[in-house]
Amino acid sequence: MSPKAIIAPSILASDFGNLYHECSRIVNDAGADWLHIDIMDGHFVPNITIGAPVVTCIRGSVERTEDWSKGVFDCHMMVTEPQKWLEDFKKAGCDLYCFHYEAAEASKAPHTPSTELIKKIHAAGLKAGIAIKPDTPVDVLYPILDGKGEKPDMVLVMTVEPGFGGQKFQYRCMPKVEKLRRKYPELDIEVDGGLGPTTIDVAAEAGANVIVAGTAVFGAKDPKAVIAQLRSVVEKNLKRK
């Protein structure tokens, strides 16, 4: 099945003082598909955001549809020891648990490499995503995607250094997206960092279909129009693939 255009605004750029309403308006009013929820622990990245209790509080702001096309909580786990937090975030309402390859391979308590963590995520009834930083070569994912074990449902290619919102899009990351799309035409490929109306074309042309946009959506005067524009560009490029 060909991938679909999915717009997943990052709540990192939202008004945290009014977070429940912000989540609702972006999905229910502005037409976003998923919510991208950045979880940072101050260790894997030099910033701290929110934990499972906040995810629990905002879960009621949007309802996930049975076909997973709307209201998915896409939790981007920028944390060390990502295996430790799986159960907490499942209980909180996470739908897609996206961990960093770099963190899983370096995990120690206990060591839970990417292939094993993907299996645990699926066993918990969640979808699994695996993310790589800008300096991590995409080739490290091939043994996971081509191996005999369980496969991730999504790959996230970071287009900025994880840890802070509002950074500039790194065009150098696009060849990784292009390679993934050529090898895995049905894979959900997410890009995160510096995405908006001025950079969506290059990301969509490379083959990304899941678009994380923070400031460009939450900071827009008309977020519905921005989401529609992002979706239109992705859909146009998917038809060409």
# chains A, B, ... in the order shown; residues from 1 in each chain; ligands from 1
call {"tool": "select_by_dssp", "arguments": {"residues": "segment 7-222 of chain A", "states": "helix (DSSP H, G or I)", "output": "PyMOL selection string"}}
result
chain A and resi 11-13+16-29+52-61+82-92+101-105+114-123+138-146+171-183+200-206+215-218
call {"tool": "residues_around", "arguments": {"residues": "Val72 of chain A", "least_positions_apart": "5", "cutoff": "9 Å", "atoms": "only C-alpha atoms", "output": "VMD selection string"}}
result
chain A and resid 8 33 to 36 62 to 65 94 to 96
call {"tool": "select_by_dssp", "arguments": {"residues": "segment 112-208 of chain A", "states": "strand (DSSP E or B)", "output": "MDAnalysis selection string"}}
result
chainID A and resid 127:132 154:158 188:192
call {"tool": "write_last_selection", "arguments": {"atoms": "all heavy atoms", "output": "JSON list (two decimals), in the first residue's frame"}}
result
[["chain", "number", "residue", "atom", "x", "y", "z"],
["A", 127, "LYS", "N", 2.51, 1.19, 17.70],
["A", 127, "LYS", "CA", 3.34, 1.22, 16.51],
["A", 127, "LYS", "C", 4.74, 1.69, 16.91],
["A", 127, "LYS", "O", 4.90, 2.45, 17.86],
["A", 127, "LYS", "CB", 2.75, 2.13, 15.43],
["A", 127, "LYS", "CG", 1.49, 1.55, 14.80],
["A", 127, "LYS", "CD", 1.08, 2.33, 13.57],
["A", 127, "LYS", "CE", -0.12, 1.69, 12.90],
["A", 127, "LYS", "NZ", -0.49, 2.39, 11.64],
["A", 128, "ALA", "N", 5.74, 1.25, 16.14],
["A", 128, "ALA", "CA", 7.13, 1.56, 16.47],
["A", 128, "ALA", "C", 7.75, 2.46, 15.40],
["A", 128, "ALA", "O", 7.63, 2.19, 14.20],
["A", 128, "ALA", "CB", 7.94, 0.28, 16.59],
["A", 129, "GLY", "N", 8.40, 3.50, 15.87],
["A", 129, "GLY", "CA", 9.17, 4.36, 14.98],
["A", 129, "GLY", "C", 10.62, 4.37, 15.42],
["A", 129, "GLY", "O", 10.91, 4.21, 16.61],
["A", 130, "ILE", "N", 11.52, 4.54, 14.46],
["A", 130, "ILE", "CA", 12.94, 4.63, 14.79],
["A", 130, "ILE", "C", 13.51, 5.88, 14.13],
["A", 130, "ILE", "O", 13.26, 6.14, 12.96],
["A", 130, "ILE", "CB", 13.70, 3.35, 14.35],
["A", 130, "ILE", "CG1", 15.16, 3.40, 14.81],
["A", 130, "ILE", "CG2", 13.60, 3.12, 12.85],
["A", 130, "ILE", "CD1", 15.88, 2.06, 14.67],
["A", 131, "ALA", "N", 14.23, 6.68, 14.92],
["A", 131, "ALA", "CA", 14.72, 7.97, 14.47],
["A", 131, "ALA", "C", 16.24, 7.98, 14.40],
["A", 131, "ALA", "O", 16.91, 7.29, 15.16],
["A", 131, "ALA", "CB", 14.25, 9.07, 15.42],
["A", 132, "ILE", "N", 16.76, 8.79, 13.47],
["A", 132, "ILE", "CA", 18.21, 8.99, 13.38],
["A", 132, "ILE", "C", 18.51, 10.48, 13.32],
["A", 132, "ILE", "O", 17.78, 11.26, 12.73],
["A", 132, "ILE", "CB", 18.84, 8.28, 12.16],
["A", 132, "ILE", "CG1", 18.12, 8.67, 10.85],
["A", 132, "ILE", "CG2", 18.85, 6.77, 12.35],
["A", 132, "ILE", "CD1", 18.80, 8.12, 9.59],
["A", 154, "MET", "N", 7.64, 3.10, 11.07],
["A", 154, "MET", "CA", 8.00, 4.41, 10.55],
["A", 154, "MET", "C", 9.47, 4.68, 10.83],
["A", 154, "MET", "O", 10.01, 4.24, 11.85],
["A", 154, "MET", "CB", 7.15, 5.50, 11.21],
["A", 154, "MET", "CG", 7.37, 6.91, 10.68],
["A", 154, "MET", "SD", 6.43, 8.14, 11.64],
["A", 154, "MET", "CE", 7.46, 8.26, 13.12],
["A", 155, "VAL", "N", 10.11, 5.40, 9.92],
["A", 155, "VAL", "CA", 11.47, 5.89, 10.14],
["A", 155, "VAL", "C", 11.41, 7.41, 10.17],
["A", 155, "VAL", "O", 10.78, 8.04, 9.31],
["A", 155, "VAL", "CB", 12.43, 5.42, 9.04],
["A", 155, "VAL", "CG1", 13.76, 6.18, 9.12],
["A", 155, "VAL", "CG2", 12.68, 3.92, 9.14],
["A", 156, "LEU", "N", 12.04, 8.00, 11.18],
["A", 156, "LEU", "CA", 12.12, 9.46, 11.31],
["A", 156, "LEU", "C", 13.54, 9.91, 11.00],
["A", 156, "LEU", "O", 14.49, 9.51, 11.67],
["A", 156, "LEU", "CB", 11.73, 9.89, 12.72],
["A", 156, "LEU", "CG", 12.09, 11.31, 13.17],
["A", 156, "LEU", "CD1", 11.54, 12.35, 12.22],
["A", 156, "LEU", "CD2", 11.61, 11.56, 14.59],
["A", 157, "VAL", "N", 13.66, 10.75, 9.97],
["A", 157, "VAL", "CA", 14.94, 11.35, 9.62],
["A", 157, "VAL", "C", 14.95, 12.78, 10.16],
["A", 157, "VAL", "O", 14.19, 13.63, 9.68],
["A", 157, "VAL", "CB", 15.17, 11.35, 8.09],
["A", 157, "VAL", "CG1", 16.46, 12.09, 7.74],
["A", 157, "VAL", "CG2", 15.20, 9.92, 7.55],
["A", 158, "MET", "N", 15.77, 13.01, 11.17],
["A", 158, "MET", "CA", 15.85, 14.36, 11.73],
["A", 158, "MET", "C", 16.54, 15.29, 10.75],
["A", 158, "MET", "O", 17.59, 14.97, 10.20],
["A", 158, "MET", "CB", 16.61, 14.34, 13.06],
["A", 158, "MET", "CG", 15.89, 13.65, 14.20],
["A", 158, "MET", "SD", 14.32, 14.45, 14.63],
["A", 158, "MET", "CE", 14.89, 16.08, 15.15],
["A", 188, "ASP", "N", 6.43, 4.46, 5.87],
["A", 188, "ASP", "CA", 6.16, 5.82, 6.34],
["A", 188, "ASP", "C", 7.50, 6.45, 6.72],
["A", 188, "ASP", "O", 8.21, 5.94, 7.59],
["A", 188, "ASP", "CB", 5.23, 5.80, 7.56],
["A", 188, "ASP", "CG", 3.77, 5.70, 7.18],
["A", 188, "ASP", "OD1", 3.39, 6.17, 6.08],
["A", 188, "ASP", "OD2", 2.98, 5.14, 7.97],
["A", 189, "ILE", "N", 7.84, 7.55, 6.06],
["A", 189, "ILE", "CA", 9.10, 8.25, 6.30],
["A", 189, "ILE", "C", 8.76, 9.66, 6.81],
["A", 189, "ILE", "O", 8.14, 10.45, 6.11],
["A", 189, "ILE", "CB", 9.96, 8.34, 5.03],
["A", 189, "ILE", "CG1", 10.26, 6.93, 4.49],
["A", 189, "ILE", "CG2", 11.26, 9.10, 5.32],
["A", 189, "ILE", "CD1", 10.96, 6.93, 3.15],
["A", 190, "GLU", "N", 9.19, 9.93, 8.02],
["A", 190, "GLU", "CA", 8.90, 11.20, 8.68],
["A", 190, "GLU", "C", 10.13, 12.09, 8.66],
["A", 190, "GLU", "O", 11.26, 11.61, 8.80],
["A", 190, "GLU", "CB", 8.46, 10.93, 10.12],
["A", 190, "GLU", "CG", 8.05, 12.16, 10.90],
["A", 190, "GLU", "CD", 7.48, 11.80, 12.28],
["A", 190, "GLU", "OE1", 8.20, 11.15, 13.07],
["A", 190, "GLU", "OE2", 6.32, 12.17, 12.55],
["A", 191, "VAL", "N", 9.92, 13.38, 8.50],
["A", 191, "VAL", "CA", 10.99, 14.37, 8.62],
["A", 191, "VAL", "C", 10.58, 15.38, 9.68],
["A", 191, "VAL", "O", 9.41, 15.74, 9.79],
["A", 191, "VAL", "CB", 11.30, 15.07, 7.28],
["A", 191, "VAL", "CG1", 12.07, 14.15, 6.35],
["A", 191, "VAL", "CG2", 10.03, 15.57, 6.60],
["A", 192, "ASP", "N", 11.57, 15.83, 10.44],
["A", 192, "ASP", "CA", 11.29, 16.69, 11.60],
["A", 192, "ASP", "C", 12.40, 17.70, 11.75],
["A", 192, "ASP", "O", 13.56, 17.34, 11.94],
["A", 192, "ASP", "CB", 11.18, 15.82, 12.85],
["A", 192, "ASP", "CG", 10.96, 16.63, 14.13],
["A", 192, "ASP", "OD1", 10.70, 17.84, 14.03],
["A", 192, "ASP", "OD2", 11.04, 16.03, 15.22]]
call {"tool": "closest_residue", "arguments": {"among": "A:Ala92, A:Ala5, A:Ala103, A:Ile26", "to": "Leu187 of chain A", "atoms": "only C-alpha atoms"}}
result
A:Ala5
call {"tool": "closest_residue", "arguments": {"among": "A:Gly165, A:Thr49, A:Lys70, A:Ser232", "to": "Phe218 of chain A", "atoms": "only C-alpha atoms"}}
result
A:Gly165
call {"tool": "closest_residue", "arguments": {"among": "A:Cys173, A:Leu117, A:Leu12, A:Ala206", "to": "Pro185 of chain A", "atoms": "only C-alpha atoms"}}
result
A:Ala206
call {"tool": "closest_residue", "arguments": {"among": "A:Met174, A:Ala104, A:Leu230, A:Ala32", "to": "Pro137 of chain A", "atoms": "only C-alpha atoms"}}
result
A:Met174
